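What follows is a short report on a single structure.
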Amino acid sequence: MSFQFLTLTVEAERKVKNGQDALKICKDFKAQMKSAYEDAASTMDGDGESFLGIVPDKIVLCGNSYKPDGAQVLAAFCTAINDTVKKLDMSDIIASQPEEQGLEVLKLISDAFSESKLEYLRNCDNALGSKGINACMSVIGGQAKTLKHLYLENDGLAAESLQILEQILTKPAEGESTCACDNLETLRFHDNMSGVEGARAAGRIFAQLKHPKELRYTDCRSLGEGSTGLADGLDAMGDHIASLEKLNLAGNFFVTSDKEIDQSLLRALERAKGLKHIGLRDCNLEEEGSQLVCEALMKSGAKLESIDISENDLGREDA
């Protein structure tokens, strides 16, 4: 006996969707489920295996912008199946929308999954800001026991946004004993305007991770002080950093004005024995810093498959 898992994807023409458009999308979702059911049932019957049904475990809404009435229709459909959905991509769903309407859309879609058991959440390209993070609080904070992969890239997250996110991810909800950081394996921030304080907040989030496998914090305007906060967070992970396989910190600055590399970063890398891929592009390392990073990685015993230390002003001999 078995289930057939299905990804529901919006296949309509890219444009701003209203309520009528959303009704058509829901109709198409049902058609996708029916077609998948028929295909799977015929295959299973031919193999003599008992077929239990179709389980929509992933929903992809990205690449289409929705008006509030459209989001309301989609939210009603998603609420009806949210107990089976494990993965949600809600990226780029508020383009060309006025702020108030965009926030309403984010909240409607987020609330539809507030009681789900999501393992994967991609919420990128949405110009979230602090108001957007608050609008998405139910979908981010409501998955504390199950969420493993969180992507927040190109969302316009300033420092205040990261500080709000820190509270959501590191503090258990009322009546709960676990927080999202207890389960998160992937956490990716890229191309946000988070500045020094945002990077420090991200570092404090890193420090609470128990099972990290992939971390990305790149091109977020951290400057030197913020980059130190990131390094301190990695160092504070202690032995938990040993499970980390991918680390990308491109665009941060880990060398001080007097040319000394951040010791917290080196200590963290020495314990990162599970690393396979590391990105330190454009981190102001220069020759000495790059050498120290390589020495720390060698001490870790990590079996690296790739390393990027480009754009660090390496001399010919060191390169």
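Every chain in the structure tokens has a letter given in the order shown (A, B, ...), and although residue numbers restart at 1 in each chain, ligands are simply numbered from 1 in the order shown.
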I'd like a table as JSON lines: residues in stretch 80-111 of chain A with an atom no more than 8 Å from stretch 125-131 of chain A, each row giving the shortest atom pair and its distance in Å to one decimal, only C-alpha atoms counted, sorted by chain and rising residue number.
{"residue": "A:Ser91", "atom": "CA", "partner": "A:Asp125", "partner_atom": "CA", "distance": 5.8}
{"residue": "A:Asp92", "atom": "CA", "partner": "A:Asp125", "partner_atom": "CA", "distance": 4.9}
{"residue": "A:Ile93", "atom": "CA", "partner": "A:Asn126", "partner_atom": "CA", "distance": 6.7}
{"residue": "A:Ile94", "atom": "CA", "partner": "A:Asn126", "partner_atom": "CA", "distance": 6.2}
{"residue": "A:Ala95", "atom": "CA", "partner": "A:Asn126", "partner_atom": "CA", "distance": 7.1}
{"residue": "A:Leu103", "atom": "CA", "partner": "A:Lys131", "partner_atom": "CA", "distance": 7.3}
Long-range neighbours of A:Tyr217 as a tab-separated table (two decimals) with C-alpha atoms, in the first residue's frame, 9 Å cut-off, only C-alpha atoms, 3 positions minimum in chain:
chain	number	residue	atom	x	y	z
A	187	LEU	CA	19.14	28.98	6.65
A	188	ARG	CA	19.85	31.29	3.75
A	189	PHE	CA	19.99	35.09	3.62
A	190	HIS	CA	21.22	36.86	0.49
A	191	ASP	CA	21.12	40.35	-0.98
A	199	ALA	CA	24.27	40.71	10.80
A	202	ALA	CA	21.79	36.67	12.25
A	220	CYS	CA	23.91	41.94	3.10
A	230	LEU	CA	28.40	36.51	12.24
A	247	LEU	CA	28.89	27.73	4.40
A	248	ASN	CA	28.73	30.83	2.23
A	249	LEU	CA	29.74	34.18	3.75
A	250	ALA	CA	30.65	36.07	0.57
A	251	GLY	CA	30.71	39.82	0.82
A	252	ASN	CA	31.44	40.04	4.53
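Counting from atom CA of A:Arg204, the distance to atom CA of A:Tyr120 is 21.6 Å.
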Practice prompt. Rank A:Ile81, A:Ile164, A:Leu244, A:Leu304 by their smallest atom-to-atom distance to A:Leu8, using only C-alpha atoms, and report the top residue only.
Written response: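 Among A:Ile81, A:Ile164, A:Leu244, A:Leu304, it is A:Ile81 that comes nearest to A:Leu8.
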Practice prompt. Report the distance between atom CA of A:Lys299 and atom CA of A:Arg200 in Å, rounded to one decimal place.
Written response: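 If I compute the distance from atom CA of A:Lys299 to atom CA of A:Arg200, I get 26.7 Å.
Residue nearest A:Gln263 within the list A:Leu280, A:Leu292, A:Ala22, A:Met237: A:Leu292 [criterion: smallest interatomic distance, only C-alpha atoms].
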